[in-house]
file target_12.txt (compact mmCIF, C-alpha atoms)
# COMPACT_ATOMS: atom_id res chain seq x y z
CA MET A 94 149.84 65.31 155.62
CA LYS A 95 153.12 64.73 153.83
CA ARG A 96 151.33 62.77 151.15
CA LEU A 97 148.79 65.53 150.71
CA LEU A 98 151.57 68.08 150.39
CA ALA A 99 153.31 65.97 147.75
CA LEU A 100 150.04 65.70 145.85
CA LEU A 101 149.54 69.48 146.02
CA VAL A 102 153.06 70.09 144.73
CA ALA A 103 152.51 67.63 141.90
CA LEU A 104 149.33 69.45 140.94
CA ALA A 105 150.76 72.93 141.38
CA VAL A 106 153.72 72.62 139.02
CA PRO A 107 151.79 71.86 135.82
CA ALA A 108 149.23 74.51 136.73
CA ALA A 109 151.97 77.11 136.99
CA ALA A 110 153.58 76.00 133.72
CA GLN A 111 150.64 77.23 131.67
CA ASP A 112 150.39 80.31 129.56
CA THR A 113 147.66 82.82 130.32
CA LEU A 114 146.85 84.01 126.80
CA PRO A 115 143.39 83.25 125.41
CA PRO A 116 143.26 80.20 123.11
CA ALA A 117 143.94 80.65 119.38
CA PRO A 118 140.88 81.74 117.33
CA TYR A 119 139.90 78.28 116.08
CA ALA A 120 141.21 76.17 118.96
CA TYR A 121 137.74 75.62 120.41
CA ARG A 122 135.56 77.10 117.67
CA GLN A 123 134.31 74.94 114.85
CA LEU A 124 134.32 76.11 111.26
CA ASP A 125 130.96 77.47 110.09
CA ASP A 126 130.80 75.09 107.13
CA PRO A 127 130.01 71.61 108.54
CA LYS A 128 131.67 69.89 105.57
CA LEU A 129 134.93 71.73 106.10
CA GLU A 130 134.70 71.16 109.87
CA ALA A 131 134.26 67.41 109.27
CA LYS A 132 137.39 67.41 107.11
CA ALA A 133 139.38 69.31 109.74
CA GLU A 134 138.06 67.03 112.49
CA ALA A 135 139.05 63.88 110.59
CA LEU A 136 142.57 65.21 110.14
CA MET A 137 142.90 66.38 113.76
CA GLU A 138 141.95 62.95 115.04
CA THR A 139 144.93 61.42 113.26
CA LEU A 140 147.57 63.89 114.43
CA ARG A 141 149.57 63.42 117.60
CA CYS A 142 149.59 66.03 120.31
CA LEU A 143 153.28 66.79 120.86
CA THR A 144 153.08 67.77 124.51
CA CYS A 145 150.76 64.94 125.61
CA GLN A 146 152.01 62.22 123.37
CA SER A 147 149.32 59.57 123.54
CA GLN A 148 146.45 61.85 122.60
CA SER A 149 145.38 63.23 119.28
CA ILE A 150 145.21 67.00 118.96
CA ALA A 151 141.43 66.65 118.68
CA ASP A 152 141.36 65.10 122.17
CA SER A 153 143.84 67.29 123.94
CA ASP A 154 143.39 70.47 125.94
CA ALA A 155 147.09 71.29 125.83
CA SER A 156 147.57 74.81 124.53
CA MET A 157 149.90 73.52 121.83
CA ALA A 158 147.14 71.20 120.57
CA GLY A 159 144.76 74.18 120.56
CA ASP A 160 147.19 76.19 118.46
CA MET A 161 147.56 73.27 116.06
CA ARG A 162 143.78 72.89 115.74
CA SER A 163 143.48 76.57 114.98
CA GLU A 164 146.22 76.35 112.35
CA ILE A 165 144.54 73.33 110.72
CA ARG A 166 141.03 74.84 110.71
CA THR A 167 142.40 78.08 109.23
CA ARG A 168 144.18 76.16 106.48
CA ILE A 169 141.17 73.94 105.71
CA ALA A 170 138.95 77.04 105.55
CA ALA A 171 141.43 78.52 103.06
CA GLY A 172 140.91 75.47 100.85
CA GLU A 173 144.03 73.45 101.67
CA LYS A 174 143.75 69.66 101.31
CA PRO A 175 143.99 67.68 104.61
CA GLU A 176 146.69 65.38 103.23
CA HIS A 177 148.72 68.41 102.19
CA ILE A 178 148.57 69.73 105.76
CA ARG A 179 149.59 66.31 107.09
CA GLN A 180 152.59 66.27 104.78
CA TRP A 181 153.46 69.80 105.87
CA LEU A 182 153.51 68.68 109.51
CA ILE A 183 155.45 65.47 108.75
CA GLY A 184 157.99 67.70 106.98
CA ARG A 185 158.56 69.46 110.31
CA TYR A 186 158.11 66.81 112.98
CA GLY A 187 158.64 63.56 111.10
CA ASP A 188 156.28 60.58 110.79
CA TYR A 189 155.80 60.56 114.56
CA ILE A 190 153.23 63.35 114.41
CA SER A 191 150.87 61.32 112.23
CA TYR A 192 148.83 58.40 113.54
CA GLN A 193 148.11 57.27 109.99
CA PRO A 194 150.30 54.25 109.21
CA ARG A 195 152.56 54.65 106.21
CA VAL A 196 154.68 52.16 104.31
CA THR A 197 158.25 53.44 104.56
CA ARG A 198 161.75 51.97 104.52
CA VAL A 199 161.43 51.27 108.26
CA THR A 200 157.79 50.17 108.50
CA TRP A 201 157.42 47.88 105.47
CA PRO A 202 158.04 44.64 107.48
CA LEU A 203 154.91 45.40 109.51
CA PHE A 204 152.91 45.11 106.32
CA ALA A 205 154.96 42.38 104.66
CA ILE A 206 155.24 39.93 107.59
CA PRO A 207 151.49 39.15 107.93
CA ILE A 208 151.26 38.48 104.19
CA ALA A 209 154.38 36.29 104.32
CA LEU A 210 153.04 34.35 107.30
CA LEU A 211 149.71 33.83 105.55
CA LEU A 212 151.50 32.51 102.45
CA ILE A 213 153.66 30.16 104.56
CA GLY A 214 150.52 28.91 106.34
CA LEU A 215 148.74 28.29 103.04
CA ALA A 216 151.80 26.44 101.71
CA ILE A 217 151.92 24.17 104.78
CA VAL A 218 148.20 23.43 104.62
CA GLY A 219 148.42 22.84 100.87
CA ARG A 220 151.28 20.37 101.30
CA ARG A 221 149.51 18.43 104.05
CA LEU A 222 146.31 18.21 102.01
CA ARG A 223 148.19 16.98 98.96
CA ARG A 224 150.05 14.37 101.02
CA ARG A 225 146.79 13.06 102.43
CA ALA A 226 145.13 12.83 99.02
CA MET B 1278 165.23 14.51 110.57
CA LYS B 1279 163.54 17.24 108.57
CA GLY B 1280 161.19 17.91 111.49
CA VAL B 1281 164.14 18.47 113.82
CA ARG B 1282 165.69 21.02 111.45
CA TRP B 1283 162.42 22.91 111.26
CA SER B 1284 162.03 23.15 115.00
CA LEU B 1285 165.63 24.36 115.31
CA TRP B 1286 164.86 27.20 112.92
CA VAL B 1287 161.73 28.12 114.89
CA LEU B 1288 163.74 28.06 118.12
CA ALA B 1289 166.44 30.28 116.57
CA ALA B 1290 163.79 32.74 115.38
CA PHE B 1291 162.26 32.78 118.88
CA PHE B 1292 165.59 33.59 120.51
CA ALA B 1293 166.34 36.24 117.90
CA LEU B 1294 163.03 37.90 118.77
CA LEU B 1295 163.84 37.61 122.48
CA GLY B 1296 167.19 39.26 121.82
CA LEU B 1297 165.48 42.11 119.97
CA PHE B 1298 163.09 42.64 122.89
CA ALA B 1299 165.97 42.64 125.38
CA LEU B 1300 167.87 45.18 123.27
CA GLN B 1301 164.89 47.52 122.92
CA LEU B 1302 163.93 47.23 126.58
CA SER B 1303 167.45 48.12 127.68
CA ARG B 1304 167.41 51.35 125.70
CA PRO B 1305 166.29 54.40 127.67
CA LYS B 1306 162.94 55.84 126.67
CA ASP B 1307 163.21 58.91 124.48
CA ASP B 1308 160.14 61.12 124.41
CA THR B 1309 161.64 64.02 122.54
CA VAL B 1310 160.35 64.86 119.09
CA GLN B 1311 163.25 66.01 116.96
CA SER B 1312 162.62 68.68 114.37
CA THR B 1313 163.08 67.44 110.81
CA MET B 1314 164.00 70.97 109.74
CA ILE B 1315 167.70 70.57 110.55
CA GLY B 1316 169.69 71.44 107.42
CA GLN B 1317 166.76 73.35 105.97
CA PRO B 1318 166.54 77.11 105.51
CA MET B 1319 164.52 78.97 108.12
CA PRO B 1320 160.93 79.34 106.85
CA GLN B 1321 159.78 82.91 106.31
CA PHE B 1322 158.12 84.59 109.25
CA ALA B 1323 157.75 88.00 110.86
CA LEU B 1324 156.90 88.25 114.53
CA PRO B 1325 156.02 91.53 116.27
CA ALA B 1326 158.03 92.68 119.28
CA ALA B 1327 157.19 90.82 122.49
CA ILE B 1328 158.37 93.67 124.73
CA ALA B 1329 158.83 97.39 124.03
CA GLN B 1330 162.57 97.37 124.82
CA ARG B 1331 163.59 94.92 122.05
CA PRO B 1332 162.63 94.70 118.36
CA GLY B 1333 160.58 91.79 117.00
CA LEU B 1334 162.03 88.93 115.00
CA THR B 1335 161.81 88.10 111.31
CA SER B 1336 163.39 85.25 109.36
CA SER B 1337 165.60 87.74 107.49
CA ASP B 1338 167.17 88.82 110.83
CA LEU B 1339 168.49 85.26 111.01
CA ALA B 1340 170.09 85.39 107.55
CA ASP B 1341 172.20 88.50 108.11
CA GLY B 1342 175.56 86.76 107.71
CA THR B 1343 176.20 85.93 111.38
CA PRO B 1344 175.13 82.67 113.04
CA HIS B 1345 172.62 83.00 115.87
CA LEU B 1346 171.19 81.02 118.71
CA LEU B 1347 167.41 81.07 118.52
CA ASN B 1348 165.89 80.41 121.94
CA VAL B 1349 162.24 79.34 122.05
CA PHE B 1350 161.03 80.15 125.56
CA ALA B 1351 158.23 81.52 127.74
CA SER B 1352 158.07 83.34 131.05
CA TRP B 1353 155.56 80.73 132.30
CA CYS B 1354 157.96 77.87 131.61
CA ILE B 1355 159.93 76.72 134.64
CA PRO B 1356 162.90 75.07 132.84
CA CYS B 1357 163.27 78.35 130.90
CA ALA B 1358 164.06 80.08 134.18
CA ALA B 1359 166.48 77.26 135.03
CA GLU B 1360 168.46 77.78 131.82
CA ALA B 1361 168.71 81.58 132.22
CA PRO B 1362 172.21 81.53 133.80
CA GLN B 1363 173.44 79.36 130.92
CA LEU B 1364 172.00 81.77 128.33
CA ALA B 1365 173.69 84.63 130.19
CA GLU B 1366 176.99 82.71 130.04
CA LEU B 1367 176.53 82.08 126.28
CA GLU B 1368 175.91 85.79 125.78
CA ARG B 1369 179.00 86.62 127.86
CA GLN B 1370 181.03 84.34 125.58
CA GLY B 1371 179.83 86.34 122.58
CA ALA B 1372 176.94 84.28 121.23
CA PRO B 1373 174.31 86.41 119.46
CA ILE B 1374 170.99 85.21 120.91
CA VAL B 1375 167.55 86.02 119.61
CA ALA B 1376 164.30 84.65 120.99
CA VAL B 1377 160.78 83.58 120.25
CA ALA B 1378 158.47 84.12 123.22
CA VAL B 1379 155.68 81.57 123.14
CA ARG B 1380 152.22 82.74 124.27
CA ASP B 1381 153.42 85.43 126.59
CA ARG B 1382 152.42 88.85 127.89
CA PRO B 1383 154.72 91.89 127.89
CA GLU B 1384 154.28 92.52 131.63
CA GLU B 1385 155.04 88.89 132.50
CA LEU B 1386 158.09 88.92 130.23
CA ALA B 1387 159.27 92.14 131.90
CA ALA B 1388 158.99 90.49 135.32
CA PHE B 1389 160.83 87.41 134.02
CA PHE B 1390 163.70 89.50 132.63
CA ALA B 1391 163.88 91.63 135.80
CA ARG B 1392 164.42 88.43 137.74
CA TYR B 1393 166.60 86.37 135.39
CA GLY B 1394 168.18 88.94 133.04
CA ASN B 1395 167.64 89.44 129.31
CA PRO B 1396 170.30 87.94 127.02
CA PHE B 1397 168.22 88.46 123.84
CA SER B 1398 168.83 91.15 121.21
CA ARG B 1399 165.46 90.52 119.54
CA ILE B 1400 162.29 88.90 120.86
CA GLY B 1401 159.38 87.93 118.64
CA ALA B 1402 155.93 87.30 120.11
CA ASP B 1403 154.64 83.91 118.93
CA ASN B 1404 151.12 84.07 120.34
CA VAL B 1405 149.55 81.18 118.43
CA ARG B 1406 152.79 79.20 117.98
CA THR B 1407 153.11 80.00 114.27
CA VAL B 1408 156.90 79.93 114.34
CA GLN B 1409 157.08 76.91 116.64
CA LEU B 1410 155.08 74.91 114.10
CA LEU B 1411 157.14 76.30 111.22
CA ILE B 1412 160.44 75.11 112.66
CA GLY B 1413 159.25 71.80 114.11
CA SER B 1414 159.62 72.83 117.74
CA SER B 1415 157.44 70.85 120.12
CA GLY B 1416 157.89 72.62 123.42
CA VAL B 1417 159.72 75.15 125.54
CA PRO B 1418 162.58 75.63 126.02
CA GLU B 1419 164.33 74.71 122.82
CA THR B 1420 167.41 76.32 121.29
CA PHE B 1421 168.25 76.28 117.60
CA VAL B 1422 171.60 77.07 116.01
CA VAL B 1423 170.97 79.02 112.78
CA ASP B 1424 173.91 79.82 110.49
CA GLY B 1425 174.56 83.16 108.75
CA LYS B 1426 172.63 82.12 105.65
CA GLY B 1427 169.58 81.35 107.79
CA VAL B 1428 169.93 77.55 107.62
CA ILE B 1429 168.86 75.67 110.77
CA ARG B 1430 171.92 73.67 111.84
CA HIS B 1431 171.09 72.20 115.23
CA GLN B 1432 168.26 71.80 117.73
CA HIS B 1433 168.77 71.54 121.48
CA ILE B 1434 165.65 70.20 123.18
CA GLY B 1435 164.97 71.09 126.80
CA GLU B 1436 166.84 73.40 129.11
CA ILE B 1437 170.48 74.27 128.50
CA ARG B 1438 172.52 72.78 131.33
CA PRO B 1439 175.94 74.11 132.28
CA GLU B 1440 177.59 71.16 130.49
CA ASP B 1441 175.73 72.06 127.25
CA VAL B 1442 177.28 75.53 126.99
CA PRO B 1443 180.59 74.44 125.35
CA ASP B 1444 178.70 72.25 122.88
CA LEU B 1445 176.43 75.11 121.81
CA MET B 1446 179.42 77.47 121.48
CA ALA B 1447 181.19 74.85 119.34
CA ARG B 1448 178.15 74.43 117.11
CA LEU B 1449 177.86 78.17 116.72
CA GLN B 1450 181.54 78.28 115.75
CA GLU B 1451 180.95 75.43 113.31
CA ALA B 1452 178.06 77.35 111.75
CA ARG B 1453 180.46 80.20 111.09
CA GLY B 1454 182.63 78.10 108.75
call {"tool": "encode", "arguments": {"input": "target_12.txt", "output": "structure tokens"}}
result
Amino acid sequence: MKRLLALLVALAVPAAAQDTLPPAPYAYRQLDDPKLEAKAEALMETLRCLTCQSQSIADSDASMAGDMRSEIRTRIAAGEKPEHIRQWLIGRYGDYISYQPRVTRVTWPLFAIPIALLLIGLAIVGRRLRRRA
Amino acid sequence: MKGVRWSLWVLAAFFALLGLFALQLSRPKDDTVQSTMIGQPMPQFALPAAIAQRPGLTSSDLADGTPHLLNVFASWCIPCAAEAPQLAELERQGAPIVAVAVRDRPEELAAFFARYGNPFSRIGADNVRTVQLLIGSSGVPETFVVDGKGVIRHQHIGEIRPEDVPDLMARLQEARG
């Protein structure tokens, strides 16, 4: 009984912390032009939902994700480039909002280390082969 | 001899990595997403009034020469109710507070204010989170310090606790200078 009560409480709190307004115009409605919709979709899949942090906004039913989808579809319909919208969001929330990896001052070792390791490996193999010959 | 030196280097690198892991694991997890708009001027916006008793909010209201606290809140948000006494205290200490109500209805806001009081001089209705996205806010409640020129100076994420009140007053004072 106690466990059931705890479960109910756990379920009740998030349900209460929801707004009751209808979703934004383009939160759940696709754009009429399939080409534009595909562009919007591709962008939405690479943007992080801020209130449910391991999902993309394309995957999330959080109302914030819905509002972001609507904003993105409206901008794409108005002719804005997806990368421009991504930069606009990064300008407000930082790199964290984008799932697309970028080479920056902090992330460059992630790209450099595999190349360096490959070069070291090749050098070791090369030396061994030469020694044997 | 050379082989020994190599393996020492590898061992050192291994322990360095271990040390890095230990350091990162000992740090508390931080899920908050900070706005990168701190130090930037408030983007232009104009929100209609969220309730009949208070005017709406535009970006020019925030650049009227006096620093403001901008509270991003909602009547459906539980921590927003928890921070109400602290907002009342900030208002009592003379802080001008304006608000953005996120996805809210006038009747629900009225009930919220009847219960917790209304410390806001202006309340804009942000029904599709336009302003939230503009200022890099990722949830409710959040409180921004905006100086008299309309530049965003500070972001407080989450509810204002009693111990945060002096800090926010100090930052407001700082924004005056």
call {"tool": "closest_residue", "arguments": {"input": "target_12.txt", "among": "B:Leu1347, B:Cys1354, B:Ala1361, B:Val1287", "to": "chain A", "atoms": "all atoms listed in the file"}}
result
B:Cys1354
call {"tool": "interface_residues", "arguments": {"input": "target_12.txt", "of": "chain B", "to": "chain A", "cutoff": "9 Å", "atoms": "all atoms listed in the file", "output": "number ranges by chain"}}
result
B: 1308-1314, 1351-1355, 1379-1382, 1404-1407, 1410-1416
call {"tool": "residues_around", "arguments": {"input": "target_12.txt", "residues": "B:Val1375", "least_positions_apart": "4", "cutoff": "6 Å", "atoms": "all atoms listed in the file", "output": "ChimeraX atom specification"}}
result
/B:1347,1397-1399
call {"tool": "closest_residue", "arguments": {"input": "target_12.txt", "among": "B:Ile1328, B:Val1408, B:Ala1289, B:Ile1374", "to": "B:Phe1390", "atoms": "only C-alpha atoms"}}
result
B:Ile1328
call {"tool": "atom_distance", "arguments": {"input": "target_12.txt", "atom1": "atom CA of A:Ile208", "atom2": "atom CA of B:Phe1291"}}
result
19.2 Å
call {"tool": "atom_distance", "arguments": {"input": "target_12.txt", "atom1": "atom CA of B:Leu1300", "atom2": "atom CA of B:His1433"}}
result
26.4 Å
call {"tool": "atom_distance", "arguments": {"input": "target_12.txt", "atom1": "atom CA of B:Asp1424", "atom2": "atom CA of B:Gly1316"}}
result
9.9 Å
call {"tool": "axis_aligned_box", "arguments": {"input": "target_12.txt", "around": "stretch 1410-1428 of chain B", "padding_each_side": "5 Å", "output": "lines of an AutoDock Vina configuration file"}}
result
center_x = 164.8
center_y = 77.0
center_z = 115.8
size_x = 29.5
size_y = 22.3
size_z = 30.4
call {"tool": "closest_residue", "arguments": {"input": "target_12.txt", "among": "A:Tyr119, A:Leu211, A:Ala158, A:Leu136", "to": "A:His177", "atoms": "only C-alpha atoms"}}
result
A:Leu136
call {"tool": "closest_residue", "arguments": {"input": "target_12.txt", "among": "B:Gly1296, B:Gly1427, B:Gly1371, B:Pro1305", "to": "B:Gly1342", "atoms": "all atoms listed in the file"}}
result
B:Gly1427
call {"tool": "residues_around", "arguments": {"input": "target_12.txt", "residues": "A:Gln123", "least_positions_apart": "5", "cutoff": "10 Å", "atoms": "all atoms listed in the file", "output": "NGL selection string"}}
result
:A and (118 or 129-131 or 133-134 or 162-163 or 166)
